$ cat structure.csv   # CSV, C-alpha atoms and all ligand atoms
chain,number,residue,atom,x,y,z
A,1,MET,CA,150.6,74.8,157.7
A,2,SER,CA,146.9,74.2,158.4
A,3,SER,CA,143.9,75.5,160.3
A,4,PRO,CA,142.5,73.1,162.9
A,5,SER,CA,138.8,74.0,162.2
A,6,VAL,CA,138.4,72.4,158.7
A,7,PRO,CA,135.7,69.8,158.7
A,8,LYS,CA,135.9,66.5,156.8
A,9,SER,CA,132.8,67.1,154.7
A,10,GLN,CA,131.1,70.0,153.0
A,11,ARG,CA,128.0,70.9,151.1
A,12,ARG,CA,128.0,71.8,147.4
A,13,VAL,CA,125.4,72.5,144.7
A,14,VAL,CA,125.6,70.5,141.4
A,15,LEU,CA,123.6,70.7,138.2
A,16,ALA,CA,120.9,68.0,138.4
A,17,ASN,CA,119.1,68.6,135.1
A,18,ARG,CA,119.4,70.9,132.1
A,19,PRO,CA,116.4,73.3,132.4
A,20,ALA,CA,114.1,74.1,129.5
A,21,GLY,CA,113.2,77.7,129.9
A,22,GLU,CA,113.2,79.1,133.4
A,23,PRO,CA,115.3,76.9,135.8
A,24,SER,CA,113.6,75.4,138.8
A,25,GLY,CA,114.8,74.1,142.2
A,26,GLN,CA,114.8,70.5,140.7
A,27,ASP,CA,117.5,71.5,138.2
A,28,PHE,CA,120.0,71.7,141.2
A,29,ARG,CA,121.0,69.2,143.9
A,30,VAL,CA,122.6,70.0,147.2
A,31,GLU,CA,125.0,67.2,148.2
A,32,GLU,CA,127.6,66.3,150.8
A,33,ALA,CA,131.1,65.8,149.6
A,34,PRO,CA,134.6,65.4,151.2
A,35,VAL,CA,136.5,68.6,151.7
A,36,PRO,CA,139.5,68.3,149.3
A,37,GLU,CA,143.1,68.2,150.5
A,38,PRO,CA,145.4,70.7,148.8
A,39,GLY,CA,148.4,69.2,147.0
A,40,PRO,CA,151.8,70.7,146.6
A,41,GLY,CA,151.6,74.4,145.5
A,42,GLN,CA,147.9,74.5,146.3
A,43,ILE,CA,145.7,76.2,148.9
A,44,LEU,CA,142.3,75.2,150.5
A,45,VAL,CA,139.8,78.1,150.6
A,46,ARG,CA,136.7,78.4,152.8
A,47,ALA,CA,134.0,80.3,150.8
A,48,ILE,CA,132.5,83.3,152.6
A,49,TYR,CA,130.6,84.9,149.7
A,50,LEU,CA,129.4,83.2,146.5
A,51,SER,CA,128.8,85.4,143.6
A,52,LEU,CA,125.7,84.7,141.5
A,53,ASP,CA,125.8,86.0,137.9
A,54,PRO,CA,123.7,85.8,134.8
A,55,TYR,CA,126.4,84.0,132.7
A,56,MET,CA,125.8,80.9,134.8
A,57,ARG,CA,122.5,80.3,133.0
A,58,GLY,CA,124.5,79.9,129.7
A,59,ARG,CA,126.8,77.3,131.3
A,60,MET,CA,123.7,75.1,132.1
A,61,ARG,CA,123.0,74.7,128.4
A,62,ASP,CA,124.6,72.0,126.3
A,63,VAL,CA,125.8,74.5,123.7
A,64,VAL,CA,129.5,75.5,123.1
A,65,SER,CA,130.1,79.1,123.9
A,66,TYR,CA,133.1,81.2,125.0
A,67,ALA,CA,133.1,79.2,128.3
A,68,PRO,CA,132.8,75.4,129.1
A,69,VAL,CA,129.5,73.7,129.6
A,70,VAL,CA,128.7,72.4,133.1
A,71,GLN,CA,128.0,68.6,132.9
A,72,ILE,CA,125.2,67.0,134.9
A,73,GLY,CA,126.4,66.2,138.4
A,74,GLU,CA,129.2,68.8,138.2
A,75,VAL,CA,129.5,71.6,140.7
A,76,MET,CA,127.9,74.8,139.4
A,77,PRO,CA,130.6,77.4,138.4
A,78,GLY,CA,131.0,80.7,140.2
A,79,GLY,CA,133.4,83.1,141.8
A,80,ILE,CA,133.8,83.2,145.6
A,81,VAL,CA,135.5,85.4,148.1
A,82,GLY,CA,136.9,83.3,150.9
A,83,GLU,CA,139.6,82.7,153.5
A,84,VAL,CA,142.7,80.5,153.0
A,85,VAL,CA,142.5,77.7,155.6
A,86,LYS,CA,145.3,75.5,154.4
A,87,SER,CA,148.3,76.5,152.4
A,88,ASN,CA,151.0,74.6,150.6
A,89,HIS,CA,151.9,77.7,148.5
A,90,PRO,CA,154.5,80.2,149.6
A,91,ALA,CA,152.5,83.3,148.4
A,92,TYR,CA,149.4,82.5,150.6
A,93,LYS,CA,149.1,82.2,154.3
A,94,ILE,CA,146.3,81.0,156.5
A,95,GLY,CA,143.8,83.8,157.0
A,96,ASP,CA,144.5,85.5,153.7
A,97,ILE,CA,141.3,86.7,151.9
A,98,VAL,CA,141.2,85.7,148.3
A,99,GLU,CA,138.8,85.7,145.3
A,100,GLU,CA,138.8,82.6,143.0
A,101,ARG,CA,136.4,80.7,140.8
A,102,LEU,CA,135.8,77.7,143.1
A,103,GLY,CA,132.1,77.2,142.3
A,104,TRP,CA,129.0,76.7,144.4
A,105,GLN,CA,130.7,74.9,147.3
A,106,GLU,CA,131.8,75.5,150.8
A,107,TYR,CA,135.5,74.6,150.3
A,108,GLY,CA,137.6,74.5,147.2
A,109,VAL,CA,141.2,74.1,146.1
A,110,SER,CA,143.2,76.7,144.2
A,111,SER,CA,146.5,76.2,142.5
A,112,GLY,CA,148.0,79.6,143.1
A,113,THR,CA,145.7,81.6,140.8
A,114,ALA,CA,143.5,83.1,143.5
A,115,ARG,CA,143.5,86.9,143.7
A,116,LYS,CA,144.5,88.3,147.1
A,117,ILE,CA,142.1,90.8,148.5
A,118,ASP,CA,143.1,93.7,150.8
A,119,PRO,CA,140.3,93.9,153.4
A,120,SER,CA,141.3,97.4,154.4
A,121,VAL,CA,140.2,98.9,151.1
A,122,ALA,CA,136.5,98.0,151.2
A,123,PRO,CA,134.2,95.2,152.5
A,124,ILE,CA,135.5,91.9,151.1
A,125,SER,CA,132.2,91.1,149.3
A,126,THR,CA,133.1,93.9,146.9
A,127,ALA,CA,135.7,91.6,145.4
A,128,ASN,CA,132.7,89.8,143.8
A,129,GLY,CA,131.1,93.1,142.7
A,130,ILE,CA,132.3,96.6,142.1
A,131,LEU,CA,135.9,95.6,142.9
A,132,GLY,CA,135.6,92.4,140.9
A,133,MET,CA,134.4,91.0,137.6
A,134,PRO,CA,131.2,93.2,137.4
A,135,GLY,CA,133.1,96.4,138.1
A,136,LEU,CA,135.8,95.5,135.5
A,137,THR,CA,133.0,94.7,133.0
A,138,ALA,CA,131.5,98.1,133.5
A,139,TYR,CA,134.9,99.8,133.3
A,140,PHE,CA,136.1,98.3,130.0
A,141,GLY,CA,132.7,98.0,128.4
A,142,LEU,CA,132.0,101.7,129.0
A,143,PHE,CA,135.5,103.2,128.4
A,144,GLU,CA,136.9,100.9,125.7
A,145,VAL,CA,133.8,99.8,123.8
A,146,GLY,CA,131.3,102.7,124.6
A,147,GLN,CA,134.0,105.5,124.1
A,148,PRO,CA,132.0,108.1,126.0
A,149,LYS,CA,132.8,111.8,125.5
A,150,PRO,CA,131.9,114.6,127.9
A,151,GLY,CA,128.4,115.8,127.2
A,152,ASP,CA,127.3,112.5,125.6
A,153,THR,CA,124.0,110.9,126.7
A,154,VAL,CA,124.8,107.4,128.0
A,155,VAL,CA,122.0,104.9,128.5
A,156,VAL,CA,122.5,101.7,130.5
A,157,SER,CA,119.9,98.9,131.0
A,158,ALA,CA,119.7,96.7,134.1
A,159,ALA,CA,120.9,100.0,135.7
A,160,SER,CA,120.5,99.0,139.4
A,161,GLY,CA,122.4,95.7,138.9
A,162,ALA,CA,126.0,94.8,139.5
A,163,VAL,CA,127.3,96.0,136.2
A,164,GLY,CA,124.8,98.7,135.4
A,165,GLN,CA,125.2,100.7,138.6
A,166,VAL,CA,128.9,101.0,138.0
A,167,VAL,CA,128.5,101.9,134.3
A,168,GLY,CA,126.3,104.9,135.1
A,169,GLN,CA,128.5,106.2,137.8
A,170,LEU,CA,131.6,105.9,135.6
A,171,ALA,CA,129.8,107.7,132.8
A,172,LYS,CA,129.0,110.5,135.3
A,173,LEU,CA,132.7,110.8,136.2
A,174,ALA,CA,133.4,111.0,132.5
A,175,GLY,CA,131.1,114.1,132.2
A,176,CYS,CA,128.2,112.4,130.5
A,177,ARG,CA,124.5,112.7,131.0
A,178,VAL,CA,123.3,109.3,132.3
A,179,VAL,CA,120.0,107.6,131.9
A,180,GLY,CA,119.3,104.2,133.5
A,181,ILE,CA,116.6,101.7,132.6
A,182,ALA,CA,115.4,99.5,135.4
A,183,GLY,CA,112.4,97.4,136.5
A,184,GLY,CA,110.2,99.3,139.0
A,185,PRO,CA,110.1,102.6,140.9
A,186,LYS,CA,112.3,101.4,143.8
A,187,LYS,CA,115.2,100.5,141.5
A,188,CYS,CA,114.7,103.7,139.5
A,189,ALA,CA,114.7,105.9,142.7
A,190,PHE,CA,117.9,104.2,143.8
A,191,VAL,CA,119.8,104.9,140.6
A,192,THR,CA,118.8,108.6,140.5
A,193,GLU,CA,118.7,109.5,144.2
A,194,GLU,CA,121.6,107.3,145.5
A,195,LEU,CA,123.8,106.8,142.5
A,196,GLY,CA,123.2,110.2,140.9
A,197,PHE,CA,122.0,109.2,137.4
A,198,ASP,CA,120.2,112.1,135.7
A,199,ALA,CA,117.1,110.1,134.9
A,200,CYS,CA,115.8,106.5,135.0
A,201,VAL,CA,113.1,104.9,132.9
A,202,ASP,CA,111.0,102.2,134.5
A,203,TYR,CA,110.5,99.7,131.6
A,204,LYS,CA,107.8,97.8,133.6
A,205,ALA,CA,105.6,100.9,134.0
A,206,GLY,CA,103.7,100.1,130.8
A,207,GLY,CA,103.1,102.5,127.8
A,208,ASP,CA,105.4,103.3,124.9
A,209,LEU,CA,108.9,102.6,126.1
A,210,ALA,CA,110.6,104.2,123.1
A,211,ALA,CA,108.6,107.4,123.8
A,212,ALA,CA,109.6,107.2,127.5
A,213,ILE,CA,113.3,106.9,126.5
A,214,LYS,CA,112.9,109.8,124.1
A,215,ALA,CA,111.5,112.0,126.9
A,216,ALA,CA,114.4,111.0,129.2
A,217,CYS,CA,117.0,111.6,126.4
A,218,PRO,CA,115.8,114.7,124.5
A,219,ASP,CA,119.2,114.9,122.6
A,220,GLY,CA,119.1,111.2,121.7
A,221,VAL,CA,121.4,108.4,122.8
A,222,ASP,CA,125.2,108.5,122.1
A,223,VAL,CA,126.3,105.5,124.0
A,224,TYR,CA,124.1,102.5,124.9
A,225,PHE,CA,125.5,99.9,127.4
A,226,ASP,CA,123.2,96.9,126.7
A,227,ASN,CA,122.8,94.4,129.5
A,228,VAL,CA,119.4,93.0,128.5
A,229,GLY,CA,118.6,92.8,124.8
A,230,GLY,CA,115.1,92.2,123.6
A,231,PRO,CA,112.3,94.9,123.5
A,232,VAL,CA,114.1,97.2,125.9
A,233,THR,CA,117.1,97.4,123.5
A,234,ASP,CA,114.8,97.9,120.5
A,235,ALA,CA,113.3,100.9,122.3
A,236,VAL,CA,116.7,102.4,123.0
A,237,ILE,CA,117.9,101.9,119.4
A,238,ALA,CA,114.8,103.8,118.2
A,239,ASN,CA,116.4,106.8,119.9
A,240,ILE,CA,120.0,106.2,118.9
A,241,ASN,CA,122.1,109.1,117.5
A,242,PHE,CA,124.3,109.4,114.4
A,243,TRP,CA,127.8,107.9,115.2
A,244,ALA,CA,126.6,106.3,118.4
A,245,ARG,CA,128.3,103.4,120.1
A,246,VAL,CA,126.5,100.3,121.4
A,247,ALA,CA,128.4,98.2,123.9
A,248,ILE,CA,126.8,94.8,123.9
A,249,CYS,CA,127.5,93.3,127.4
A,250,GLY,CA,124.7,90.8,127.8
A,251,SER,CA,121.1,89.9,126.9
A,252,ILE,CA,119.6,88.7,130.1
A,253,SER,CA,116.0,89.0,128.8
A,254,GLN,CA,116.9,86.1,126.5
A,255,TYR,CA,118.8,83.8,128.8
A,256,ASN,CA,115.8,81.5,129.7
A,257,SER,CA,114.7,81.3,126.1
A,258,ASP,CA,115.5,78.1,124.1
A,259,THR,CA,114.9,79.8,120.8
A,260,THR,CA,116.6,82.7,119.1
A,261,GLU,CA,114.3,85.7,119.1
A,262,LEU,CA,113.4,87.0,115.7
A,263,GLY,CA,112.4,90.6,114.8
A,264,PRO,CA,111.1,93.2,114.6
A,265,ARG,CA,114.7,94.3,115.0
A,266,THR,CA,116.7,97.4,114.4
A,267,PRO,CA,119.6,97.1,111.9
A,268,GLY,CA,118.1,99.9,109.7
A,269,PHE,CA,119.1,102.4,112.4
A,270,PHE,CA,122.6,101.1,112.5
A,271,VAL,CA,123.1,101.7,108.8
A,272,GLY,CA,121.5,105.1,108.4
A,273,ARG,CA,122.9,106.5,111.6
A,274,ARG,CA,126.4,104.9,111.2
A,275,VAL,CA,126.2,103.2,114.6
A,276,THR,CA,129.0,101.1,115.9
A,277,SER,CA,128.0,98.0,117.8
A,278,ARG,CA,130.4,95.7,119.5
A,279,GLY,CA,130.1,92.7,121.8
A,280,PHE,CA,132.8,92.1,124.4
A,281,ILE,CA,133.8,89.7,127.2
A,282,VAL,CA,135.5,91.2,130.2
A,283,SER,CA,138.4,88.8,129.9
A,284,ASP,CA,139.3,90.5,126.6
A,285,PHE,CA,140.9,93.1,128.8
A,286,LEU,CA,142.7,90.7,131.2
A,287,THR,CA,146.1,92.3,130.9
A,288,ARG,CA,144.8,95.7,132.1
A,289,PHE,CA,142.8,94.4,135.0
A,290,PRO,CA,145.3,95.6,137.7
A,291,PHE,CA,145.3,99.2,136.3
A,292,ALA,CA,141.4,99.3,136.2
A,293,MET,CA,141.1,97.7,139.6
A,294,ALA,CA,143.5,100.3,141.1
A,295,ARG,CA,141.3,103.1,139.7
A,296,LEU,CA,138.1,101.5,140.8
A,297,GLY,CA,139.5,101.0,144.3
A,298,LYS,CA,140.6,104.6,144.5
A,299,TRP,CA,137.2,105.9,143.5
A,300,VAL,CA,135.4,103.5,146.0
A,301,ARG,CA,137.7,104.6,148.8
A,302,ALA,CA,137.1,108.3,147.9
A,303,GLY,CA,133.4,107.8,147.9
A,304,LYS,CA,133.1,108.7,144.2
A,305,LEU,CA,131.6,105.3,143.4
A,306,ARG,CA,128.9,103.8,145.5
A,307,TYR,CA,127.5,100.3,145.4
A,308,ARG,CA,124.6,98.2,146.5
A,309,GLU,CA,124.9,94.5,147.2
A,310,ASP,CA,122.1,92.0,147.7
A,311,ILE,CA,123.4,89.4,150.1
A,312,VAL,CA,121.2,86.3,150.7
A,313,GLU,CA,121.6,84.6,154.1
A,314,GLY,CA,121.2,80.9,154.8
A,315,GLY,CA,124.3,79.3,153.3
A,316,ILE,CA,125.2,77.5,150.0
A,317,ALA,CA,121.8,75.7,149.8
A,318,LYS,CA,120.1,79.1,149.1
A,319,ALA,CA,122.1,79.6,145.9
A,320,PRO,CA,119.6,77.9,143.5
A,321,GLU,CA,116.6,79.9,144.7
A,322,ALA,CA,118.6,83.2,144.6
A,323,PHE,CA,119.9,82.4,141.1
A,324,ILE,CA,116.5,81.6,139.7
A,325,GLY,CA,115.3,85.0,141.2
A,326,LEU,CA,118.2,86.8,139.5
A,327,LEU,CA,116.9,85.8,136.1
A,328,LYS,CA,113.5,87.4,137.0
A,329,GLY,CA,114.9,90.7,138.3
A,330,GLU,CA,114.3,89.8,142.0
A,331,ASN,CA,117.8,90.9,143.0
A,332,PHE,CA,118.5,94.5,143.9
A,333,GLY,CA,122.2,95.1,143.5
A,334,LYS,CA,125.1,92.7,143.2
A,335,LEU,CA,123.7,89.3,144.2
A,336,GLN,CA,125.7,87.0,146.5
A,337,VAL,CA,125.1,84.3,149.0
A,338,ARG,CA,126.7,84.4,152.4
A,339,VAL,CA,128.2,80.9,152.6
A,340,ALA,CA,129.9,81.4,156.0
A,341,PRO,CA,130.5,84.3,158.4
A,342,GLU,CA,133.4,86.7,157.8
A,343,PRO,CA,136.4,86.2,160.2
A,344,ALA,CA,135.9,88.5,163.2
A,345,SER,CA,139.4,89.9,162.7
A,346,LEU,CA,138.5,91.7,159.4
A,347,PRO,CA,138.2,95.5,159.6
A,348,ARG,CA,134.7,97.0,159.7
A,349,HIS,CA,133.9,99.6,157.0
B,401,LIG,N1,130.2,90.6,128.6
B,401,LIG,C1,130.7,90.3,129.8
B,401,LIG,O1,131.9,90.1,130.0
B,401,LIG,C2,129.8,90.3,131.0
B,401,LIG,C3,130.3,90.3,132.3
B,401,LIG,C4,129.4,90.4,133.4
B,401,LIG,C5,128.0,90.5,133.1
B,401,LIG,N2,127.6,90.5,131.8
B,401,LIG,C6,126.2,90.7,131.5
B,401,LIG,O2,125.8,91.9,132.1
B,401,LIG,C7,124.4,91.9,132.4
B,401,LIG,C8,124.1,92.3,133.8
B,401,LIG,O3,124.7,91.4,134.7
B,401,LIG,P1,124.8,91.7,136.2
B,401,LIG,O4,125.7,90.7,136.8
B,401,LIG,O5,125.0,93.1,136.4
B,401,LIG,O6,123.3,91.3,136.7
B,401,LIG,P2,122.3,92.3,137.5
B,401,LIG,O7,122.0,93.5,136.7
B,401,LIG,O8,122.9,92.5,138.9
B,401,LIG,O9,121.0,91.4,137.7
B,401,LIG,C9,120.3,91.1,136.6
B,401,LIG,C10,119.2,92.1,136.3
B,401,LIG,O10,118.8,92.0,135.0
B,401,LIG,C11,117.5,92.5,134.9
B,401,LIG,N3,116.6,91.6,134.1
B,401,LIG,C12,116.3,90.3,134.4
B,401,LIG,N4,115.4,89.8,133.5
B,401,LIG,C13,115.2,90.8,132.6
B,401,LIG,C14,114.4,90.9,131.5
B,401,LIG,N5,113.6,89.9,131.0
B,401,LIG,N6,114.4,92.1,130.8
B,401,LIG,C15,115.1,93.1,131.2
B,401,LIG,N7,115.9,93.1,132.3
B,401,LIG,C16,115.9,91.9,133.0
B,401,LIG,C17,116.9,92.7,136.3
B,401,LIG,O11,116.9,94.0,136.6
B,401,LIG,P3,115.5,94.8,136.4
B,401,LIG,O12,114.6,94.5,137.6
B,401,LIG,O13,115.9,96.2,136.4
B,401,LIG,O14,114.9,94.3,135.1
B,401,LIG,C18,118.0,91.9,137.1
B,401,LIG,O15,118.0,92.5,138.4
B,401,LIG,C19,123.9,90.4,132.0
B,401,LIG,O16,123.4,90.4,130.7
B,401,LIG,C20,125.2,89.7,132.1
B,401,LIG,O17,125.2,88.5,131.3
B,401,LIG,C21,128.5,90.4,130.8
$ encode --input "structure.csv" --output "structure tokens" --more "lines below"
Ligand SMILES: NC(=O)c1ccc[n+]([C@@H]2O[C@H](COP(=O)([O-])OP(=O)(O)OC[C@H]3O[C@@H](n4cnc5c(N)ncnc54)[C@H](OP(=O)(O)O)[C@@H]3O)[C@@H](O)[C@H]2O)c1
Amino acid sequence: MSSPSVPKSQRRVVLANRPAGEPSGQDFRVEEAPVPEPGPGQILVRAIYLSLDPYMRGRMRDVVSYAPVVQIGEVMPGGIVGEVVKSNHPAYKIGDIVEERLGWQEYGVSSGTARKIDPSVAPISTANGILGMPGLTAYFGLFEVGQPKPGDTVVVSAASGAVGQVVGQLAKLAGCRVVGIAGGPKKCAFVTEELGFDACVDYKAGGDLAAAIKAACPDGVDVYFDNVGGPVTDAVIANINFWARVAICGSISQYNSDTTELGPRTPGFFVGRRVTSRGFIVSDFLTRFPFAMARLGKWVRAGKLRYREDIVEGGIAKAPEAFIGLLKGENFGKLQVRVAPEPASLPRH
């Protein structure tokens, strides 16, 4: 079975150079390539939304980590939400909406691993955000690693971002007092006024950040969900409580740095105050994704979880510029590129 409207060639974005420090447009190349033909048991997917995420910066480095390195000339990795346009797999039909890691390209082939999306639950772009990898990261990082208890003070950095906005709202549902940290008054107003956090500290406002966090957290910090590392994290740890939990999710402030940052650091607080600190990767919780996704979906449908997305128009060629901006805090909400229009048949929300 196949759709008649599939072109012969497509555009894709490959890694052209390994950047030193901040990436630039020259580190990426937009090229034409044939649209692949799905083999037996495979499907061809037309990308509609490309997810842009901080982890992609790590893949551009020639350093072994928990995920494979992107080679020069290879398509940049990334998740997409798209439409099945050819199917040789009995579980997928043309027109199905799926989420899959097909990279920065307009069309890609999946071998039966794509997650099917129900467009009646929420806009399909949410499968890259609150109802996708970032939402699951927030869920497991907060509940499993952060272990919040009612009445705890929970602090989350990059609070207006894809992961942070979900963390704070989940912590509110768990009966905690929630303080965000974000860059600028607009992002802070969003997290308090629209997402319902109790307070937000603007780390770009200048002045003594540790003192500002202390003022926002008069009872200290019981759970810190760390998205950024660096000086913001140092300022939170200065306010950490006895027996606190630190969920280390990411260190975006360091991703463009080619050297490991040295002190002043804060291990003394961890010893004296018996703090538990644990890094995690969302895939550690893979077997429980369906359960968490069902809960997140229910809360989104009930209006208990809100979300903000930052969708860049202009097609796949816009991905490099948008990604470079993400590493500088230019995004406001879950960053995605609209690669192609949504099918007109999808429900409106
Ligand atoms: N462990 C996992 O499995 C996992 C999974 C997904 C994501 N993550 C991590 O979670 C973090 C957030 O990811 P996301 O997708 O939700 O991104 P995001 O928050 O939507 O976007 C990144 C945000 O980081 C902030 N930022 C950028 N540079 C910064 C700097 N130098 N210092 C402080 N903040 C800076 C900016 O917000 P401001 O303007 O507020 O600074 C920017 O908007 C990242 O560290 C990412 O690597 C981890």
$ residues_around --input "structure.csv" --residues "A:Gly184" --least-positions-apart "6" --cutoff "7 Å" --atoms "only C-alpha atoms" --output "PDB file with C-alpha atoms, keeping the file's coordinate frame"
ATOM      1  CA  ASP A 202     111.000 102.200 134.500  1.00  0.00           C
ATOM      2  CA  LYS A 204     107.800  97.800 133.600  1.00  0.00           C
ATOM      3  CA  ALA A 205     105.600 100.900 134.000  1.00  0.00           C
TER       4      ALA A 205
END
$ closest_residue --input "structure.csv" --among "A:Ala302, A:Val109, A:Cys176, A:Val221" --to "A:Ala244" --atoms "all atoms listed in the file"
A:Val221
$ closest_residue --input "structure.csv" --among "A:Arg59, A:Lys318, A:Arg46, A:Lys298" --to "A:Ala340" --atoms "only C-alpha atoms"
A:Arg46
$ residues_near_ligand --input "structure.csv" --ligand "ligand LIG 401 (chain B)" --cutoff "7 Å" --atoms "only C-alpha atoms and all ligand atoms" --output "ChimeraX atom specification"
/A:53-55,133-134,137,158-164,181-184,187,227-228,232,249-254,280-283,326-335
$ atom_distance --input "structure.csv" --atom1 "atom CA of A:Leu209" --atom2 "atom CA of A:Ala235"
6.1 Å
$ closest_residue --input "structure.csv" --among "A:Leu136, A:Pro218, A:Val271, A:Ser9" --to "A:Phe291" --atoms "only C-alpha atoms"
A:Leu136
$ closest_atom_pairs --input "structure.csv" --of "stretch 251-320 of chain A" --to "stretch 18-40 of chain A" --cutoff "10 Å" --atoms "all atoms listed in the file" --output "Markdown table"
| residue | atom | partner | partner_atom | distance |
| --- | --- | --- | --- | --- |
| A:Gln254 | CA | A:Gly21 | CA | 9.8 |
| A:Tyr255 | CA | A:Gly21 | CA | 8.4 |
| A:Asn256 | CA | A:Gly21 | CA | 4.6 |
| A:Ser257 | CA | A:Gly21 | CA | 5.4 |
| A:Asp258 | CA | A:Gly21 | CA | 6.3 |
| A:Thr259 | CA | A:Gly21 | CA | 9.5 |
| A:Ile316 | CA | A:Val30 | CA | 8.4 |
| A:Ala317 | CA | A:Val30 | CA | 6.3 |
| A:Lys318 | CA | A:Val30 | CA | 9.6 |
| A:Ala319 | CA | A:Phe28 | CA | 9.4 |
| A:Pro320 | CA | A:Gly25 | CA | 6.3 |
$ residues_around --input "structure.csv" --residues "A:Arg101" --least-positions-apart "2" --cutoff "7 Å" --atoms "only C-alpha atoms" --output "PDB file with C-alpha atoms, in the coordinates of the input"
ATOM      1  CA  GLY A  78     131.000  80.700 140.200  1.00  0.00           C
ATOM      2  CA  GLY A  79     133.400  83.100 141.800  1.00  0.00           C
ATOM      3  CA  ILE A  80     133.800  83.200 145.600  1.00  0.00           C
ATOM      4  CA  GLY A 103     132.100  77.200 142.300  1.00  0.00           C
TER       5      GLY A 103
END
$ atom_distance --input "structure.csv" --atom1 "atom CA of A:Gly272" --atom2 "atom CA of A:Arg245"
13.6 Å
$ closest_residue --input "structure.csv" --among "A:Val156, A:Ala210, A:Ile117, A:Ala294" --to "A:Tyr224" --atoms "only C-alpha atoms"
A:Val156
$ atom_distance --input "structure.csv" --atom1 "atom CA of A:Ala212" --atom2 "atom CA of A:Pro148"
22.5 Å
$ residues_around --input "structure.csv" --residues "A:Trp104" --least-positions-apart "3" --cutoff "7 Å" --atoms "all atoms listed in the file" --output "PyMOL selection string"
chain A and resi 12-13+50+75-78+316
$ closest_residue --input "structure.csv" --among "A:Val6, A:Ala47, A:Leu52, A:Val337" --to "A:Ile324" --atoms "only C-alpha atoms"
A:Leu52
$ residues_near_point --input "structure.csv" --point "(128.6, 77.6, 157.5)" --cutoff "8 Å" --atoms "all atoms listed in the file" --output "PyMOL selection string"
chain A and resi 106+315+339-341
$ decode --input "structure.csv" --residues "stretch 201-228 of chain A" --atoms "C-alpha atoms" --output "mmCIF file, in the first residue's frame"
data_model
loop_
_atom_site.group_PDB
_atom_site.id
_atom_site.type_symbol
_atom_site.label_atom_id
_atom_site.label_comp_id
_atom_site.auth_asym_id
_atom_site.auth_seq_id
_atom_site.Cartn_x
_atom_site.Cartn_y
_atom_site.Cartn_z
ATOM 1 C CA VAL A 201 13.946 33.309 40.270
ATOM 2 C CA ASP A 202 15.338 35.130 37.226
ATOM 3 C CA TYR A 203 18.988 34.054 37.191
ATOM 4 C CA LYS A 204 19.791 36.697 34.590
ATOM 5 C CA ALA A 205 18.565 39.560 36.804
ATOM 6 C CA GLY A 206 22.018 40.063 38.355
ATOM 7 C CA GLY A 207 22.876 40.256 42.035
ATOM 8 C CA ASP A 208 23.432 37.444 44.509
ATOM 9 C CA LEU A 209 21.679 34.380 43.058
ATOM 10 C CA ALA A 210 22.072 32.251 46.207
ATOM 11 C CA ALA A 211 20.395 35.041 48.205
ATOM 12 C CA ALA A 212 17.576 35.300 45.658
ATOM 13 C CA ILE A 213 16.972 31.550 45.908
ATOM 14 C CA LYS A 214 17.030 31.770 49.693
ATOM 15 C CA ALA A 215 14.382 34.516 49.563
ATOM 16 C CA ALA A 216 12.206 32.348 47.282
ATOM 17 C CA CYS A 217 12.791 29.225 49.432
ATOM 18 C CA PRO A 218 12.635 30.385 53.054
ATOM 19 C CA ASP A 219 12.471 26.759 54.276
ATOM 20 C CA GLY A 220 15.401 25.650 52.093
ATOM 21 C CA VAL A 221 15.377 23.221 49.154
ATOM 22 C CA ASP A 222 14.286 19.597 49.619
ATOM 23 C CA VAL A 223 14.381 18.504 45.971
ATOM 24 C CA TYR A 224 16.481 20.103 43.229
ATOM 25 C CA PHE A 225 15.762 19.023 39.649
ATOM 26 C CA ASP A 226 18.932 20.138 37.890
ATOM 27 C CA ASN A 227 18.693 20.880 34.177
ATOM 28 C CA VAL A 228 21.567 23.332 33.858
#
